[in-house]
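Raw contents of data_15.pdb, PDB, C-alpha atoms:
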```pdb
ATOM      1  CA  MET J  35       0.000   0.000   0.000  1.00  0.00           C
ATOM      2  CA  LEU J  36       1.471   3.405  -0.908  1.00  0.00           C
ATOM      3  CA  PHE J  37       0.414   6.736   0.565  1.00  0.00           C
ATOM      4  CA  LYS J  38       1.819   9.946  -0.920  1.00  0.00           C
ATOM      5  CA  SER J  39       2.379  13.263   0.773  1.00  0.00           C
ATOM      6  CA  THR J  40       4.510  16.343   0.263  1.00  0.00           C
ATOM      7  CA  GLY J  41       5.399  19.116   2.624  1.00  0.00           C
ATOM      8  CA  SER J  42       8.224  20.494   4.688  1.00  0.00           C
ATOM      9  CA  ALA J  43       9.259  20.677   8.302  1.00  0.00           C
ATOM     10  CA  ASP J  44      12.393  21.743  10.110  1.00  0.00           C
ATOM     11  CA  ARG J  45      14.734  19.074  11.398  1.00  0.00           C
ATOM     12  CA  GLN J  46      17.871  19.878  13.302  1.00  0.00           C
ATOM     13  CA  GLY J  47      20.885  17.722  14.011  1.00  0.00           C
ATOM     14  CA  PHE J  48      20.075  14.548  12.119  1.00  0.00           C
ATOM     15  CA  CYS J  49      23.029  14.556   9.780  1.00  0.00           C
ATOM     16  CA  CYS J  50      25.551  11.817   9.668  1.00  0.00           C
ATOM     17  CA  SER J  51      29.074  12.690   8.571  1.00  0.00           C
ATOM     18  CA  GLN J  52      30.935  15.040   6.346  1.00  0.00           C
ATOM     19  CA  LYS J  53      29.816  12.489   3.872  1.00  0.00           C
ATOM     20  CA  PHE J  54      26.292  12.741   5.324  1.00  0.00           C
ATOM     21  CA  GLN J  55      26.530  16.350   6.463  1.00  0.00           C
ATOM     22  CA  SER J  56      23.602  18.508   5.444  1.00  0.00           C
ATOM     23  CA  ARG J  57      24.266  21.710   3.565  1.00  0.00           C
ATOM     24  CA  PRO J  58      22.878  25.134   4.492  1.00  0.00           C
ATOM     25  CA  LEU J  59      19.602  25.829   2.761  1.00  0.00           C
ATOM     26  CA  ALA J  60      18.284  29.247   1.777  1.00  0.00           C
ATOM     27  CA  ALA J  61      14.579  29.562   2.591  1.00  0.00           C
ATOM     28  CA  ASP J  62      13.687  30.375  -1.011  1.00  0.00           C
ATOM     29  CA  THR J  63      15.527  27.308  -2.392  1.00  0.00           C
ATOM     30  CA  ILE J  64      14.047  24.624  -0.129  1.00  0.00           C
ATOM     31  CA  SER J  65      12.104  22.042  -2.089  1.00  0.00           C
ATOM     32  CA  PRO J  66       9.286  20.267  -0.257  1.00  0.00           C
ATOM     33  CA  LEU J  67      10.144  16.825   1.034  1.00  0.00           C
ATOM     34  CA  LYS J  68       8.862  14.092  -1.255  1.00  0.00           C
ATOM     35  CA  LEU J  69       7.302  11.315   0.791  1.00  0.00           C
ATOM     36  CA  GLU J  70       5.598   7.970   0.230  1.00  0.00           C
ATOM     37  CA  LEU J  71       4.456   5.608   2.977  1.00  0.00           C
ATOM     38  CA  GLU J  72       4.504   1.885   2.293  1.00  0.00           C
ATOM     39  CA  LYS J  73       3.240  -0.902   4.566  1.00  0.00           C
ATOM     40  CA  THR J  74       5.278  -4.039   3.978  1.00  0.00           C
ATOM     41  CA  ASN J  75       7.349  -6.582   5.895  1.00  0.00           C
ATOM     42  CA  PHE J  76      11.032  -7.369   6.173  1.00  0.00           C
ATOM     43  CA  LYS J  77      13.316 -10.216   7.208  1.00  0.00           C
ATOM     44  CA  ASP J  78      15.669 -10.238  10.179  1.00  0.00           C
ATOM     45  CA  MET J  79      18.775  -8.086   9.641  1.00  0.00           C
ATOM     46  CA  ASN J  80      22.346  -8.739  10.834  1.00  0.00           C
ATOM     47  CA  VAL J  81      23.452  -5.361  12.174  1.00  0.00           C
ATOM     48  CA  LEU J  82      26.828  -4.083  13.331  1.00  0.00           C
ATOM     49  CA  PHE J  83      26.600  -0.870  15.324  1.00  0.00           C
ATOM     50  CA  ILE J  84      28.395   1.594  17.534  1.00  0.00           C
ATOM     51  CA  HIS J  85      26.438   3.379  20.251  1.00  0.00           C
ATOM     52  CA  ASP J  86      27.528   6.994  20.647  1.00  0.00           C
ATOM     53  CA  THR J  87      26.409  10.323  22.096  1.00  0.00           C
ATOM     54  CA  ALA J  88      26.791  13.885  20.817  1.00  0.00           C
ATOM     55  CA  VAL J  89      25.878  17.221  22.384  1.00  0.00           C
ATOM     56  CA  THR J  90      26.226  19.395  19.263  1.00  0.00           C
ATOM     57  CA  THR J  91      25.467  19.010  15.577  1.00  0.00           C
ATOM     58  CA  ALA J  92      29.210  19.140  14.895  1.00  0.00           C
ATOM     59  CA  GLY J  93      29.713  16.429  17.506  1.00  0.00           C
ATOM     60  CA  LEU J  94      27.030  14.299  15.865  1.00  0.00           C
ATOM     61  CA  THR J  95      28.733  14.733  12.507  1.00  0.00           C
ATOM     62  CA  ALA J  96      32.087  13.740  14.007  1.00  0.00           C
ATOM     63  CA  ALA J  97      30.553  10.694  15.744  1.00  0.00           C
ATOM     64  CA  MET J  98      29.020   9.520  12.461  1.00  0.00           C
ATOM     65  CA  VAL J  99      32.280   9.985  10.534  1.00  0.00           C
ATOM     66  CA  LYS J 100      34.245   8.080  13.142  1.00  0.00           C
ATOM     67  CA  GLY J 101      31.581   5.382  13.621  1.00  0.00           C
ATOM     68  CA  TYR J 102      31.076   4.549   9.946  1.00  0.00           C
ATOM     69  CA  GLY J 103      34.866   4.574   9.462  1.00  0.00           C
ATOM     70  CA  GLU J 104      35.353   2.059  12.286  1.00  0.00           C
ATOM     71  CA  LEU J 105      32.507  -0.139  11.038  1.00  0.00           C
ATOM     72  CA  MET J 106      33.779  -0.184   7.446  1.00  0.00           C
ATOM     73  CA  GLN J 107      37.337  -0.977   8.557  1.00  0.00           C
ATOM     74  CA  PHE J 108      36.064  -3.855  10.730  1.00  0.00           C
ATOM     75  CA  MET J 109      33.912  -5.168   7.875  1.00  0.00           C
ATOM     76  CA  GLN J 110      36.835  -5.107   5.421  1.00  0.00           C
ATOM     77  CA  GLN J 111      39.093  -6.907   7.885  1.00  0.00           C
ATOM     78  CA  ASN J 112      36.424  -9.586   8.432  1.00  0.00           C
ATOM     79  CA  GLU J 113      35.312  -9.904   4.795  1.00  0.00           C
ATOM     80  CA  LEU J 114      31.767  -8.742   5.516  1.00  0.00           C
ATOM     81  CA  GLN J 115      29.597  -7.028   2.914  1.00  0.00           C
ATOM     82  CA  PRO J 116      27.697  -3.847   3.775  1.00  0.00           C
ATOM     83  CA  LEU J 117      24.025  -4.008   2.787  1.00  0.00           C
ATOM     84  CA  LYS J 118      22.452  -0.880   4.308  1.00  0.00           C
ATOM     85  CA  PHE J 119      23.834   2.185   6.097  1.00  0.00           C
ATOM     86  CA  MET J 120      21.523   2.986   8.992  1.00  0.00           C
ATOM     87  CA  ALA J 121      21.116   4.936  12.212  1.00  0.00           C
ATOM     88  CA  TRP J 122      18.853   4.718  15.248  1.00  0.00           C
ATOM     89  CA  TYR J 123      18.248   8.060  16.997  1.00  0.00           C
ATOM     90  CA  TYR J 124      17.068   7.752  20.601  1.00  0.00           C
ATOM     91  CA  SER J 125      16.557  11.486  21.132  1.00  0.00           C
ATOM     92  CA  SER J 126      15.395  14.328  18.903  1.00  0.00           C
ATOM     93  CA  GLN J 127      17.505  17.049  20.503  1.00  0.00           C
ATOM     94  CA  PRO J 128      20.855  17.295  22.262  1.00  0.00           C
ATOM     95  CA  PRO J 129      22.286  15.245  23.713  1.00  0.00           C
ATOM     96  CA  TRP J 130      21.756  12.825  20.835  1.00  0.00           C
ATOM     97  CA  PHE J 131      21.987   9.132  21.655  1.00  0.00           C
ATOM     98  CA  ILE J 132      22.564   7.205  18.452  1.00  0.00           C
ATOM     99  CA  ASP J 133      23.404   3.785  17.088  1.00  0.00           C
ATOM    100  CA  ILE J 134      25.537   4.202  13.963  1.00  0.00           C
ATOM    101  CA  ALA J 135      24.877   0.978  12.059  1.00  0.00           C
ATOM    102  CA  ILE J 136      25.428  -1.094   8.947  1.00  0.00           C
ATOM    103  CA  GLU J 137      23.426  -4.154   7.943  1.00  0.00           C
ATOM    104  CA  THR J 138      25.810  -6.946   6.933  1.00  0.00           C
ATOM    105  CA  ASN J 139      25.522 -10.156   4.953  1.00  0.00           C
ATOM    106  CA  LYS J 140      26.370 -12.275   8.013  1.00  0.00           C
ATOM    107  CA  THR J 141      27.092 -12.087  11.720  1.00  0.00           C
ATOM    108  CA  PRO J 142      30.821 -11.914  12.478  1.00  0.00           C
ATOM    109  CA  THR J 143      32.433 -14.591  14.653  1.00  0.00           C
ATOM    110  CA  HIS J 144      34.063 -11.944  16.869  1.00  0.00           C
ATOM    111  CA  LEU J 145      33.703  -8.235  17.633  1.00  0.00           C
ATOM    112  CA  SER J 146      36.264  -5.589  18.531  1.00  0.00           C
ATOM    113  CA  ALA J 147      36.530  -2.283  20.374  1.00  0.00           C
ATOM    114  CA  ARG J 148      33.225  -0.365  20.362  1.00  0.00           C
ATOM    115  CA  ILE J 149      31.571  -2.506  17.697  1.00  0.00           C
ATOM    116  CA  GLN J 150      28.500  -4.454  18.768  1.00  0.00           C
ATOM    117  CA  SER J 151      26.205  -6.824  16.893  1.00  0.00           C
ATOM    118  CA  ARG J 152      22.489  -7.553  16.993  1.00  0.00           C
ATOM    119  CA  ILE J 153      19.714  -9.049  14.954  1.00  0.00           C
ATOM    120  CA  GLN J 154      17.055  -6.501  14.024  1.00  0.00           C
ATOM    121  CA  PRO J 155      13.905  -8.669  14.117  1.00  0.00           C
ATOM    122  CA  GLY J 156      11.869  -8.627  10.931  1.00  0.00           C
ATOM    123  CA  GLY J 157       8.098  -8.401  10.672  1.00  0.00           C
ATOM    124  CA  ASP J 158       5.458  -5.895   9.678  1.00  0.00           C
ATOM    125  CA  LEU J 159       6.898  -2.547   8.726  1.00  0.00           C
ATOM    126  CA  LEU J 160       5.883   0.934   7.659  1.00  0.00           C
ATOM    127  CA  ILE J 161       8.502   2.620   5.476  1.00  0.00           C
ATOM    128  CA  ALA J 162       8.561   6.353   4.804  1.00  0.00           C
ATOM    129  CA  HIS J 163      10.427   6.687   1.505  1.00  0.00           C
ATOM    130  CA  THR J 164      11.733  10.255   1.381  1.00  0.00           C
ATOM    131  CA  GLN J 165      13.628  12.476  -0.978  1.00  0.00           C
ATOM    132  CA  GLY J 166      14.860  15.818   0.276  1.00  0.00           C
ATOM    133  CA  PRO J 167      17.053  17.528   2.870  1.00  0.00           C
ATOM    134  CA  TYR J 168      17.652  15.810   6.198  1.00  0.00           C
ATOM    135  CA  GLU J 169      16.351  18.964   7.933  1.00  0.00           C
ATOM    136  CA  GLN J 170      12.875  18.124   6.603  1.00  0.00           C
ATOM    137  CA  LEU J 171      12.670  14.522   7.819  1.00  0.00           C
ATOM    138  CA  ASP J 172      10.459  15.576  10.764  1.00  0.00           C
ATOM    139  CA  LYS J 173       7.622  15.624   8.219  1.00  0.00           C
ATOM    140  CA  ALA J 174       8.141  11.896   7.589  1.00  0.00           C
ATOM    141  CA  TYR J 175       8.137  11.103  11.315  1.00  0.00           C
ATOM    142  CA  ALA J 176       4.901  13.103  11.705  1.00  0.00           C
ATOM    143  CA  GLU J 177       3.322  11.194   8.789  1.00  0.00           C
ATOM    144  CA  ILE J 178       4.328   7.881  10.382  1.00  0.00           C
ATOM    145  CA  ALA J 179       2.704   8.956  13.679  1.00  0.00           C
ATOM    146  CA  ASN J 180      -0.466  10.013  11.805  1.00  0.00           C
ATOM    147  CA  TRP J 181      -0.592   6.701   9.919  1.00  0.00           C
ATOM    148  CA  LEU J 182      -0.232   4.733  13.170  1.00  0.00           C
ATOM    149  CA  ARG J 183      -3.162   6.664  14.727  1.00  0.00           C
ATOM    150  CA  GLN J 184      -5.374   6.458  11.635  1.00  0.00           C
ATOM    151  CA  ASN J 185      -4.756   2.724  11.183  1.00  0.00           C
ATOM    152  CA  ASN J 186      -4.945   1.844  14.892  1.00  0.00           C
ATOM    153  CA  ARG J 187      -1.422   0.345  14.803  1.00  0.00           C
ATOM    154  CA  THR J 188       1.355   0.434  17.382  1.00  0.00           C
ATOM    155  CA  ALA J 189       5.082   0.872  16.903  1.00  0.00           C
ATOM    156  CA  LYS J 190       6.987  -2.267  17.872  1.00  0.00           C
ATOM    157  CA  SER J 191      10.312  -0.504  18.445  1.00  0.00           C
ATOM    158  CA  THR J 192      12.280   2.652  17.722  1.00  0.00           C
ATOM    159  CA  PRO J 193      12.228   3.662  14.048  1.00  0.00           C
ATOM    160  CA  PHE J 194      15.517   3.776  12.172  1.00  0.00           C
ATOM    161  CA  GLU J 195      16.837   5.602   9.147  1.00  0.00           C
ATOM    162  CA  VAL J 196      18.332   3.896   6.087  1.00  0.00           C
ATOM    163  CA  TYR J 197      20.495   6.122   3.880  1.00  0.00           C
ATOM    164  CA  LEU J 198      20.033   5.260   0.194  1.00  0.00           C
ATOM    165  CA  ASN J 199      22.569   7.589  -1.381  1.00  0.00           C
ATOM    166  CA  ASP J 200      25.810   9.291  -0.442  1.00  0.00           C
ATOM    167  CA  PRO J 201      25.381  12.937   0.593  1.00  0.00           C
ATOM    168  CA  GLY J 202      29.033  13.507  -0.315  1.00  0.00           C
ATOM    169  CA  SER J 203      28.246  12.792  -3.960  1.00  0.00           C
ATOM    170  CA  VAL J 204      24.765  14.364  -4.074  1.00  0.00           C
ATOM    171  CA  LYS J 205      25.118  18.000  -5.130  1.00  0.00           C
ATOM    172  CA  ASP J 206      21.550  19.091  -4.303  1.00  0.00           C
ATOM    173  CA  PRO J 207      20.127  18.275  -0.825  1.00  0.00           C
ATOM    174  CA  SER J 208      16.697  17.869  -2.441  1.00  0.00           C
ATOM    175  CA  GLU J 209      18.096  14.669  -4.040  1.00  0.00           C
ATOM    176  CA  LEU J 210      19.006  12.980  -0.730  1.00  0.00           C
ATOM    177  CA  LYS J 211      17.102   9.697  -0.330  1.00  0.00           C
ATOM    178  CA  THR J 212      16.322   8.276   3.097  1.00  0.00           C
ATOM    179  CA  ASP J 213      13.953   5.506   4.144  1.00  0.00           C
ATOM    180  CA  ILE J 214      12.598   5.558   7.670  1.00  0.00           C
ATOM    181  CA  TYR J 215      11.676   2.070   8.876  1.00  0.00           C
ATOM    182  CA  GLN J 216       9.020   1.857  11.580  1.00  0.00           C
ATOM    183  CA  PRO J 217       8.579  -1.732  12.802  1.00  0.00           C
ATOM    184  CA  LEU J 218       4.928  -2.486  13.656  1.00  0.00           C
ATOM    185  CA  GLN J 219       3.256  -4.622  16.333  1.00  0.00           C
TER     186      GLN J 219
END
```

Would you write out, as structure tokens, the structure that this file holds?
Amino acid sequence: MLFKSTGSADRQGFCCSQKFQSRPLAADTISPLKLELEKTNFKDMNVLFIHDTAVTTAGLTAAMVKGYGELMQFMQQNELQPLKFMAWYYSSQPPWFIDIAIETNKTPTHLSARIQSRIQPGGDLLIAHTQGPYEQLDKAYAEIANWLRQNNRTAKSTPFEVYLNDPGSVKDPSELKTDIYQPLQ
């Protein structure tokens, strides 16, 4: 089932790295966030993650740069394949508590340093497919909350973001693609 919506909302601090860092937007150049909701299901995911905290947007950016760098180095050393680049945000304002994560093709036999592993249980899922600046992703979270109320459904766990393209290679923030996965009861 697909549900379409467009609109904009401010979102502060939810950028990932210099690679994922959002760019300043002039008010007259902001394109509305493109958004589609899709109810589907997904299979269990093998996830490597680093839990971190940041008190500023710059600190969040630095944590994401460092975290993804550590995860990718560990994956290369252990011959793991990255499938999805993800993040769980446990707060919407400073201090930000975050799991910087990558879905992998298999669970490693050992872990190192700050790197942890978990299985993200599959099941029913609502995905907000978005295209636009990270600062406007609040609109997608609001649409997810509205859909849950309107369809009498309950969130099973914290939603997480899946980054579909590389902000370092995307020239226009309106072209950034992010899926927000909301597991359902």

Inset, instruction - Find the residue from J:Glu137, J:Leu69, J:Asn112, J:Glu209 that sits nearest to J:Asp172; use all atoms listed in the file when measuring. - result: J:Leu69

Inset, instruction - Given the file shown, determine the residues that the PyMOL selection byres ((chain J and resi 77) around 10) selects; report them as a PyMOL selection string. - result: chain J and resi 75-76+78-80+154-158

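Each of J:Gln219, J:Asn180, J:Thr143, J:Gln165 was checked against J:Val204 using all atoms listed in the file; the smallest atom-to-atom distance is that of J:Gln165.
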
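Listed by chain and then by number, the residues chosen by the PyMOL selection byres ((chain J and resi 191) around 12) in this file are Trp122, Tyr123, Tyr124, Gln154, Pro155, Gly156, Gly157, Asp158, Leu159, Leu160, Thr188, Ala189, Lys190, Thr192, Pro193, Phe194, Tyr215, Gln216, Pro217, Leu218 and Gln219 of chain J.
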
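With all atoms listed in the file as the basis for measurement, J:Ile132 is the residue among J:Ala174, J:Ile214, J:Leu82, J:Ile132 that approaches J:Met98 most closely.
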
Legend entry - Protein and nucleic acid residues near (17.4, 16.1, 3.2) (cut-off 8 Å, only C-alpha atoms) as a ChimeraX atom specification: /J:56,67,165-171,207-212

Return stretch 207-218 of chain J, completed with N, CA and C atoms, as an mmCIF file, in the coordinates of the input.
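Output saved as selection_24.cif:
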```
data_model
loop_
_atom_site.group_PDB
_atom_site.id
_atom_site.type_symbol
_atom_site.label_atom_id
_atom_site.label_comp_id
_atom_site.auth_asym_id
_atom_site.auth_seq_id
_atom_site.Cartn_x
_atom_site.Cartn_y
_atom_site.Cartn_z
ATOM 1 N N PRO J 207 20.751 18.961 -1.962
ATOM 2 C CA PRO J 207 20.127 18.275 -0.825
ATOM 3 C C PRO J 207 18.713 17.766 -1.113
ATOM 4 N N SER J 208 18.043 18.348 -2.103
ATOM 5 C CA SER J 208 16.697 17.869 -2.441
ATOM 6 C C SER J 208 16.745 16.484 -3.094
ATOM 7 N N GLU J 209 17.942 15.996 -3.433
ATOM 8 C CA GLU J 209 18.096 14.669 -4.040
ATOM 9 C C GLU J 209 18.475 13.587 -3.024
ATOM 10 N N LEU J 210 18.664 13.965 -1.755
ATOM 11 C CA LEU J 210 19.006 12.980 -0.730
ATOM 12 C C LEU J 210 17.838 12.016 -0.526
ATOM 13 N N LYS J 211 18.138 10.722 -0.496
ATOM 14 C CA LYS J 211 17.102 9.697 -0.330
ATOM 15 C C LYS J 211 17.319 8.953 0.984
ATOM 16 N N THR J 212 16.284 8.939 1.795
ATOM 17 C CA THR J 212 16.322 8.276 3.097
ATOM 18 C C THR J 212 15.026 7.503 3.270
ATOM 19 N N ASP J 213 15.126 6.264 3.738
ATOM 20 C CA ASP J 213 13.953 5.506 4.144
ATOM 21 C C ASP J 213 13.929 5.488 5.661
ATOM 22 N N ILE J 214 12.770 5.697 6.228
ATOM 23 C CA ILE J 214 12.598 5.558 7.670
ATOM 24 C C ILE J 214 11.765 4.312 7.903
ATOM 25 N N TYR J 215 12.334 3.337 8.585
ATOM 26 C CA TYR J 215 11.676 2.070 8.876
ATOM 27 C C TYR J 215 11.039 2.140 10.258
ATOM 28 N N GLN J 216 9.722 1.937 10.305
ATOM 29 C CA GLN J 216 9.020 1.857 11.580
ATOM 30 C C GLN J 216 8.455 0.459 11.740
ATOM 31 N N PRO J 217 9.128 -0.403 12.543
ATOM 32 C CA PRO J 217 8.579 -1.732 12.802
ATOM 33 C C PRO J 217 7.217 -1.622 13.498
ATOM 34 N N LEU J 218 6.300 -2.517 13.139
ATOM 35 C CA LEU J 218 4.928 -2.486 13.656
ATOM 36 C C LEU J 218 4.630 -3.704 14.514
#
```
